[in-house]
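Structure first, then comments.
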Amino acid sequence: MKAPLVLGFGLVIAIAGGLAACGKKPQKADDSAKSAYISTYAVPVSGKVLIRGATVLTGIDTKLDDTDVLLADGKIAEIGKGLSADGATVVDGKGRWLTPGIIDIHSHLGVYASPGVWATSDGNEATSPTTPEVWAEHSIWPQDPGFAFARAGGVTSMEILPGSGNLIGGRGVIVKNVPATSYQQMLFPEAKRSLKMACGENPKRVYGEGQHRAPSTNMGNVAGYRAAFAKAAAYRLKWDAWNKDKKGAAPDRDLGLDTLADVLRGNITVQMHCYRADQMVTMLDVAKEFGFKIAAFHHAVEAYKIADVLADTQTCAAMWADWWGFKLEAWDGIRENIAIVDAAKSKAGPSCAIVHSDDPNGIQRLNQEAAKAMAAGRRAGLDITPEHAMSWLSANPAKALGILDKTGTIEKHKQADVVLWSGDPFSVYTRADLVWIDGALRYDRANPATQQDSDYMLGADVDEAAAPAGDHP
Amino acid sequence: MKRLPFAVALMLLFGSFTSHAQVIAIKDAEVRTMARAGIYSSATVLIRDGRIEAIGPNIAVPANAKVIDGKGKILTPGIFAAETDLGLKEIDGVEETNDVTSEQPRYSAALDVSDALNPRSIVIPVNRIEGITTAVTAPGSTKGGSLIAGQGAIISLAGALASDDEPFVIRPRAAMYASLGEFGASISGGSRPAAMAKLREAFEEAKSGGLRLASSLSHESQLSPLDIAALRPVLAGETPLVMHVNRASDIRAAIKLTDDYGIHLIITGAGEAWLVAKELAEHQVSVLFNPTEDLPAQFETLHVRQDAAEILLKAGVQFAFIGGGEGGPRNLRQVAGIAASWGLSKDIALAAITLYPAEIFGLAETRGGIEPGKVADLVLWDGDPLELGTSATQVWIGGIAMPMVSRQTLLRDKYLKRLKDKKND
């Protein structure tokens with residue numbers, strides 16, 4: 001984040017990179033795109049907050065009992081015992097648990113908004129199997145009431161992705177889960193965009209079965225990714241060569257290849273929807289052929305079958321706790337998937353298990369999904385502590401999204417994205433009491449005014465306000 | 001030589017597994033009876049011939065009883081899943097295995113899921129080992145299908161292990177299913193009034209024994225003679241009609257419609273039921289709903305609220321929880337736990353997945369509670385049954401101890417072993 005600019009009216013505005021690019025000549029094919037579509041996320045000025053005496057799960061495998069955490073200037077300022085701070089709002093954390101804000105790496109909020117009607121169905125550009133030119137953010141409807149429901153579940157950031165109907169579905173984007181009237185006001189400052197790709201049944205069903213065109217098979221799927229990246233590799237070379245001295249006319253611009261070339265340059269992360277173990281291994285080969293990195297497999301229902309491969313290649317897997325069986329590629333889902341992926345050991349580095357939702361109801365209770373996964377792992381003899389399971393909800397998704405240096409753990413200088421829970425977040429009875437995003441209180445369970453900001457919900461309860469529940473004409 | 005009757009031969013072969021002659025004593029567990037006796041902090045439950053014989057802190061255990069140590073554990077009735085497709089579908093996306101909906105409009109009310117139920121469904125043990133013992137299996141409505149979806153059945157999750165006394169299909173044709181609201185409108189030409197008119201026409205036709213209304217004589221009949229036969233017990237108030245409906249005004253319309261014909265109405269979906277709680281109570285309409293479906297996901301659920309269960313309870317409306325999402329009915333206890341996190345008492349939340357669904361479907365005399373005479377559908381838990389870290393350590397259905405194995409546990413064991421073998425390399 002750049003140094004905050006104080007713009008008056010009590011707002012400190014943090015501007016994501018982009019201003020610096022103004023006035024300069026385009027350096028790369030899509031530099032003009034990089035100076036537009038930038039974050040205008042404004043962090044409200046909020047005083048210091050001192051949370052006293054909570055049980056703190058840091059997200060880095062530690063649990064600190066009876067600990068104080070100080071939030072100041074949008075950051076985590078201090079962690080310790082007996083902290084004090086002049087003028088800080090003191091919050092009693094006794095009996096409550098403080099965790100990093102939950103990061104959902106797989107959400108379609110805003111692109112498949114509530115109410116689920118034709119007009120809000122904006123997640124799959126199902127007119128071609130390869131659409132790297134579309135950006136999920138251009139479909140986000142910030143008035144989706146689901147954002148507030150997710151906030152009540154402690155979700156402070158999320159990656160919003162296109163759907164999985166296409167082989168290459170388009171760009172995904174990371175947002176802070178704050179009320180907004182434009183998506184730009186939610187954009188996570190200085191975060192990479194991502195590329196959504198999809199394996200398996202969805203693309204071959206949508207195109208082969210639905211439209212009688214390629215791909216209609218798994219081998220057709222793989223040919224589709226390879227053809228796209230072969231083009232992108234050539235496009236990238238052309239542009240990189242021209243960018244060196246800018247002699248002659250610039251090559252023709254192709255929006256889709258801009259995206260794929262930036263994947264090859266490492267500027268865009270790859271988020272890959274795959275269920276089956278064999279298909280994930282094939283995609284690792286496709287990535288190897290073209291020299292890009294798959295940050296995470298999403299859904300990854302059979303990840304437990306290749307837990308060692310995922311650890312060896314340092315590929316994350318974002319999974320549900322127990323979804324299974326709704327299609328053949330989900331038939332082998334087991335409750336222990338997350339725990340087994342987590343348990344894999346490799347010399348290459350730690351494993352990277354993530355709990356994701358892909359669902360506007362599931363995103364409200366990701367802590368419970370982690371709890372179920374932890375319980376299943378323990379039953380299977382794997383030793384998993386709550387402080388470790390917390391990493392599935394915050395640190396690991398942050399890592400897969402490339403924002404772990406900014407958020408995802410309770411450590412000094414990180415963004416103050418934290419949740420104070422009514423108790424152990426892995427209990428079904430626990431609720432998020434208070435949610436701070438960049439140090440600003442964005443949800444207070446005791447204050448209805450903080451709970452739903454969607455214009456869509458306005459006016460729904462005009463009559464209820466006038467008569468008590470269950471007593472309407 | 002006189003041949004042994006086949007059934008007797010089978011009993012000799014498998015007698016030790018399926019015989020009810022065995023007496024089981026579950027000792028020293030905390031027992032949540034969901035019945036008049038309430039909660040015993042420690043009691044013995046005696047099972048004989050598949051039924052609960054006695055319960056109490058000082059029950060004498062017969063010498064021949066198989067004794068189960070329940071110390072430190074919690075015994076509850078089995079979970080009764082009030083709306084599922086268990087036994088009717090293996091995989092949603094694999095048409096060949098999915099018999100939930102029919103796009104064949106020739107029949108509607110006549111469709112009877114018990115014609116298709118598969119006791120060897122792979123999905124049954126997956127849910128069974130997590131404490132589901134009884135399920136209502138319902139047909140679904142679909143685009144191109146009929147407004148009246150057909151008849152559901154109540155099954156025992158003993159599946160292929162069910163006995164003759166406590167069979168797999170506990171009650172075929174247990175309820176009729178239909179839809180109103182947004183979906184009902186969409187398959188009736190696009191309007192709510194059209195859906196209502198279609199249902200009314202069907203009821204009139206069935207009532208008059210197949211003589212179509214004069215006004216509809218110019219139309220093709222919606223109903224076959226089999227449909228009409230299937231609707232008769234519904235119109236006699238003997239078989240309940242489960243109506244999928246969400247918006248308060250649609251619920252009110254469903255109450256009015258069924259009242260006109262003396263139909264026993266149960267509503268499902270029921271997103272806005274709390275708004276009409278008083279009328280539901282007055283008309284003794286029971287409600288099936290998923291309290292975790294808390295989003296205004298459709299226009300017809302704009303007023304859904306998380307504490308609806310508490311409002312229904314206070315108004316005297318009978319309800320049961322359904323749902324579980326893509327994880328399946330095994331997640332019902334989480335659903336109940338979430339309702340408790342929104343203010344419902346834990347006892348009521350547990351009742352909403354055990355006793356209440358049994359009552360709603362008229363099976364409470366034999367199921368839904370731990371009382372002498374009731375079927376021994378029981379679950380022994382290693383902790384609070386609604387809590388996420390808890391698991392079922394043993395499930396009994398009709399007094400038979402179920403193997404605590406499913407295709408999923410086999411997959412788990414296979415790949416865990418590989419991971420461990422690799423570590424030891």
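Each chain in the structure tokens gets a letter, A, B, ..., in the order shown, and its residues are numbered from 1; ligands are numbered from 1 in order too.
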
Chain A residues within 8 Å of chain B, counting only C-alpha atoms: which ones, as a CSV table (one decimal) with C-alpha atoms, in the first residue's frame?
```
chain,number,residue,atom,x,y,z
A,114,SER,CA,-28.8,-12.9,-4.5
A,115,PRO,CA,-31.5,-12.9,-5.7
A,116,GLY,CA,-30.5,-15.7,-8.1
A,117,VAL,CA,-32.3,-14.6,-11.2
A,145,PRO,CA,-26.6,-8.9,0.2
A,146,GLY,CA,-24.4,-11.9,0.5
A,149,PHE,CA,-23.8,-12.2,5.4
A,304,TYR,CA,-6.0,-36.6,-0.8
A,305,LYS,CA,-4.9,-39.1,-3.4
A,307,ALA,CA,-1.2,-35.0,-1.3
A,308,ASP,CA,2.5,-35.8,-1.7
A,322,ASP,CA,-17.6,-32.6,3.0
A,323,TRP,CA,-19.2,-31.8,-0.3
A,324,TRP,CA,-19.3,-34.8,-2.5
A,325,GLY,CA,-21.2,-37.0,-4.9
A,326,PHE,CA,-23.1,-34.4,-6.9
A,327,LYS,CA,-21.3,-35.4,-10.1
A,328,LEU,CA,-19.1,-38.3,-10.9
A,331,TRP,CA,-17.9,-39.1,-6.1
A,332,ASP,CA,-14.7,-39.9,-4.3
A,333,GLY,CA,-14.9,-37.0,-1.9
A,334,ILE,CA,-14.1,-37.9,1.7
A,335,ARG,CA,-14.3,-35.9,5.0
A,336,GLU,CA,-10.5,-36.3,5.6
A,340,ILE,CA,-4.7,-35.5,4.5
A,344,ALA,CA,1.7,-34.4,3.5
A,345,LYS,CA,5.3,-33.7,4.2
A,360,PRO,CA,-23.0,-17.9,-0.5
A,361,ASN,CA,-24.2,-20.0,2.5
A,368,GLN,CA,-17.4,-24.6,10.9
A,371,ALA,CA,-13.9,-27.5,12.4
A,372,LYS,CA,-15.5,-30.5,10.6
A,374,MET,CA,-10.2,-30.9,11.8
A,375,ALA,CA,-12.5,-33.4,13.5
A,426,PHE,CA,-14.6,-24.3,15.9
A,427,SER,CA,-17.8,-24.7,17.9
A,428,VAL,CA,-21.1,-24.8,16.1
A,429,TYR,CA,-22.5,-22.4,18.7
A,430,THR,CA,-20.0,-19.7,18.2
A,431,ARG,CA,-20.7,-16.5,16.3
A,457,MET,CA,-32.7,-5.1,1.2
A,460,ALA,CA,-38.1,-5.2,2.7
A,461,ASP,CA,-39.2,-4.8,6.3
A,469,ALA,CA,-43.5,-10.9,14.1
A,470,GLY,CA,-46.1,-13.5,13.2
A,471,ASP,CA,-48.9,-11.0,13.6
A,472,HIS,CA,-49.5,-9.7,10.1
```

query: Any idea what's packed within 7 Å of Ile263 (chain B), counting only C-alpha atoms, ignoring anything in its chain fewer than 4 positions away? Could you give it as number ranges by chain?
result: B: 234-237, 240-241, 258-259

What's the 6 Å shell around region 286-301 of chain A, counting only C-alpha atoms, without same-chain residues fewer than 4 positions away, as a CSV table (one decimal) with N, CA and C atoms, in the first residue's frame?
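part-v1.csv, freshly written:
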```csv
chain,number,residue,atom,x,y,z
A,264,LEU,N,2.1,-15.9,-17.9
A,264,LEU,CA,3.4,-16.5,-18.2
A,264,LEU,C,4.5,-15.6,-17.6
A,270,VAL,N,-2.6,-18.4,-11.0
A,270,VAL,CA,-3.5,-19.3,-11.6
A,270,VAL,C,-4.3,-20.1,-10.6
A,271,GLN,N,-5.6,-20.0,-10.7
A,271,GLN,CA,-6.5,-20.6,-9.7
A,271,GLN,C,-7.4,-21.6,-10.6
A,272,MET,N,-7.1,-22.9,-10.3
A,272,MET,CA,-7.5,-24.0,-11.2
A,272,MET,C,-8.6,-24.9,-10.6
A,273,HIS,N,-9.8,-24.8,-11.1
A,273,HIS,CA,-10.9,-25.7,-10.7
A,273,HIS,C,-10.6,-27.1,-11.3
A,274,CYS,N,-10.3,-28.1,-10.4
A,274,CYS,CA,-10.2,-29.5,-10.8
A,274,CYS,C,-10.7,-30.4,-9.6
A,275,TYR,N,-11.3,-31.5,-10.0
A,275,TYR,CA,-11.8,-32.4,-8.9
A,275,TYR,C,-10.9,-33.6,-8.8
A,315,THR,N,1.9,-26.8,-4.4
A,315,THR,CA,0.7,-26.3,-5.0
A,315,THR,C,-0.4,-26.4,-3.8
A,316,CYS,N,-1.1,-25.3,-3.7
A,316,CYS,CA,-2.2,-25.3,-2.6
A,316,CYS,C,-3.4,-26.1,-3.2
A,317,ALA,N,-4.2,-26.6,-2.3
A,317,ALA,CA,-5.5,-27.1,-2.6
A,317,ALA,C,-6.6,-26.5,-1.8
A,318,ALA,N,-7.6,-25.9,-2.4
A,318,ALA,CA,-8.7,-25.2,-1.7
A,318,ALA,C,-9.9,-26.2,-1.8
A,319,MET,N,-10.4,-26.6,-0.6
A,319,MET,CA,-11.4,-27.7,-0.6
A,319,MET,C,-12.6,-27.4,0.3
A,333,GLY,N,-15.2,-38.0,-2.9
A,333,GLY,CA,-14.9,-37.0,-1.9
A,333,GLY,C,-15.0,-37.7,-0.5
A,400,ALA,N,-1.7,-18.4,-1.2
A,400,ALA,CA,-2.1,-18.8,-2.6
A,400,ALA,C,-2.5,-17.6,-3.4
```

message: For region 200-211 of chain A, find every residue with an atom within 10 Å (counting only C-alpha atoms), except residues of its own chain fewer than 2 positions away, and show them as a ChimeraX atom specification.
response: /A:126-130,163-169,197-198,213-222,273-276,279-280,327-329 /B:93

Prev. selection, N, CA and C atoms, output as a tab-separated table (two decimals), in the first residue's frame:
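Okay, this is what ended up in out.tsv:
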```
chain	number	residue	atom	x	y	z
A	126	ALA	N	-20.41	-17.92	-21.17
A	126	ALA	CA	-20.47	-19.26	-21.78
A	126	ALA	C	-20.71	-19.20	-23.28
A	127	THR	N	-19.96	-18.33	-23.94
A	127	THR	CA	-20.08	-18.20	-25.39
A	127	THR	C	-18.83	-18.69	-26.10
A	128	SER	N	-17.82	-19.02	-25.33
A	128	SER	CA	-16.59	-19.58	-25.88
A	128	SER	C	-15.86	-20.27	-24.74
A	129	PRO	N	-15.24	-21.42	-25.00
A	129	PRO	CA	-14.58	-22.13	-23.90
A	129	PRO	C	-13.33	-21.42	-23.38
A	130	THR	N	-12.83	-20.47	-24.14
A	130	THR	CA	-11.61	-19.78	-23.71
A	130	THR	C	-11.86	-18.28	-23.72
A	163	GLY	N	-17.11	-18.26	-13.17
A	163	GLY	CA	-17.54	-19.65	-12.99
A	163	GLY	C	-16.61	-20.63	-13.70
A	164	SER	N	-17.03	-21.88	-13.69
A	164	SER	CA	-16.15	-22.94	-14.18
A	164	SER	C	-16.69	-23.58	-15.46
A	165	GLY	N	-17.52	-22.86	-16.18
A	165	GLY	CA	-18.04	-23.41	-17.43
A	165	GLY	C	-17.00	-23.43	-18.54
A	166	ASN	N	-16.02	-22.54	-18.42
A	166	ASN	CA	-15.02	-22.42	-19.48
A	166	ASN	C	-13.70	-23.04	-19.07
A	167	LEU	N	-12.92	-23.46	-20.07
A	167	LEU	CA	-11.56	-23.93	-19.80
A	167	LEU	C	-10.76	-22.81	-19.15
A	168	ILE	N	-10.86	-21.65	-19.77
A	168	ILE	CA	-10.22	-20.45	-19.23
A	168	ILE	C	-11.34	-19.44	-19.06
A	169	GLY	N	-11.71	-19.20	-17.82
A	169	GLY	CA	-12.94	-18.46	-17.55
A	169	GLY	C	-12.77	-16.96	-17.45
A	197	MET	N	-9.22	-21.09	-14.28
A	197	MET	CA	-9.32	-22.13	-15.30
A	197	MET	C	-10.10	-23.31	-14.70
A	198	ALA	N	-10.60	-24.17	-15.56
A	198	ALA	CA	-11.41	-25.28	-15.06
A	198	ALA	C	-11.13	-26.58	-15.82
A	213	ARG	N	-19.84	-28.51	-29.61
A	213	ARG	CA	-18.56	-27.99	-30.10
A	213	ARG	C	-17.48	-28.37	-29.11
A	214	ALA	N	-16.24	-28.12	-29.50
A	214	ALA	CA	-15.13	-28.48	-28.62
A	214	ALA	C	-15.10	-27.54	-27.42
A	215	PRO	N	-14.71	-28.07	-26.26
A	215	PRO	CA	-14.31	-29.46	-25.99
A	215	PRO	C	-15.51	-30.33	-25.62
A	216	SER	N	-15.43	-31.59	-26.02
A	216	SER	CA	-16.48	-32.51	-25.60
A	216	SER	C	-15.89	-33.67	-24.81
A	217	THR	N	-14.57	-33.61	-24.59
A	217	THR	CA	-13.88	-34.68	-23.85
A	217	THR	C	-12.82	-34.07	-22.95
A	218	ASN	N	-12.29	-34.88	-22.06
A	218	ASN	CA	-11.18	-34.39	-21.24
A	218	ASN	C	-9.95	-34.10	-22.09
A	219	MET	N	-9.73	-34.91	-23.13
A	219	MET	CA	-8.57	-34.62	-23.97
A	219	MET	C	-8.79	-33.34	-24.77
A	220	GLY	N	-10.04	-33.09	-25.09
A	220	GLY	CA	-10.37	-31.82	-25.73
A	220	GLY	C	-10.10	-30.64	-24.81
A	221	ASN	N	-10.41	-30.83	-23.52
A	221	ASN	CA	-10.10	-29.79	-22.54
A	221	ASN	C	-8.61	-29.44	-22.56
A	222	VAL	N	-7.79	-30.47	-22.49
A	222	VAL	CA	-6.34	-30.24	-22.38
A	222	VAL	C	-5.82	-29.58	-23.65
A	273	HIS	N	-9.77	-24.84	-11.15
A	273	HIS	CA	-10.87	-25.73	-10.70
A	273	HIS	C	-10.61	-27.14	-11.25
A	274	CYS	N	-10.34	-28.10	-10.37
A	274	CYS	CA	-10.18	-29.50	-10.76
A	274	CYS	C	-10.68	-30.39	-9.62
A	275	TYR	N	-11.32	-31.47	-9.95
A	275	TYR	CA	-11.79	-32.41	-8.93
A	275	TYR	C	-10.90	-33.62	-8.82
A	276	ARG	N	-10.60	-34.23	-9.98
A	276	ARG	CA	-9.97	-35.53	-9.96
A	276	ARG	C	-8.46	-35.45	-9.84
A	279	GLN	N	-6.52	-35.56	-13.16
A	279	GLN	CA	-6.60	-34.32	-13.94
A	279	GLN	C	-5.72	-33.23	-13.35
A	280	MET	N	-5.59	-33.23	-12.03
A	280	MET	CA	-4.68	-32.25	-11.41
A	280	MET	C	-3.24	-32.52	-11.83
A	327	LYS	N	-21.62	-34.99	-8.70
A	327	LYS	CA	-21.31	-35.44	-10.06
A	327	LYS	C	-20.23	-36.50	-9.95
A	328	LEU	N	-19.97	-37.16	-11.05
A	328	LEU	CA	-19.08	-38.32	-10.93
A	328	LEU	C	-17.68	-37.90	-10.46
A	329	GLU	N	-17.20	-36.75	-10.93
A	329	GLU	CA	-15.86	-36.32	-10.53
A	329	GLU	C	-15.81	-35.91	-9.05
B	93	GLY	N	-25.38	-35.67	-11.05
B	93	GLY	CA	-25.00	-35.39	-12.44
B	93	GLY	C	-24.90	-36.63	-13.32
```

- prompt: Can you list every residue in region 40-161 of chain B that DSSP puts in helix (DSSP H, G or I), as a list in words?
  reply: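 Those in region 40-161 of chain B that DSSP calls helix (DSSP H, G or I) are Glu95, Glu96, Thr97, Val113, Ser114, Asp115, Val123, Ile124, Pro125, Val126, Asn127, Arg128, Gly159, Ala160 and Leu161 of chain B.
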
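CA of Ala65 (chain B) to CA of Val23 (chain B) spans 4.6 Å [interatomic distance, one decimal].
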
- request: Within 6 Å of Pro100 (chain A), counting only C-alpha atoms, which residues show up once you throw out same-chain ones fewer than 4 positions away? Write them as a ChimeraX atom specification, please.
  value: /A:408-410,418
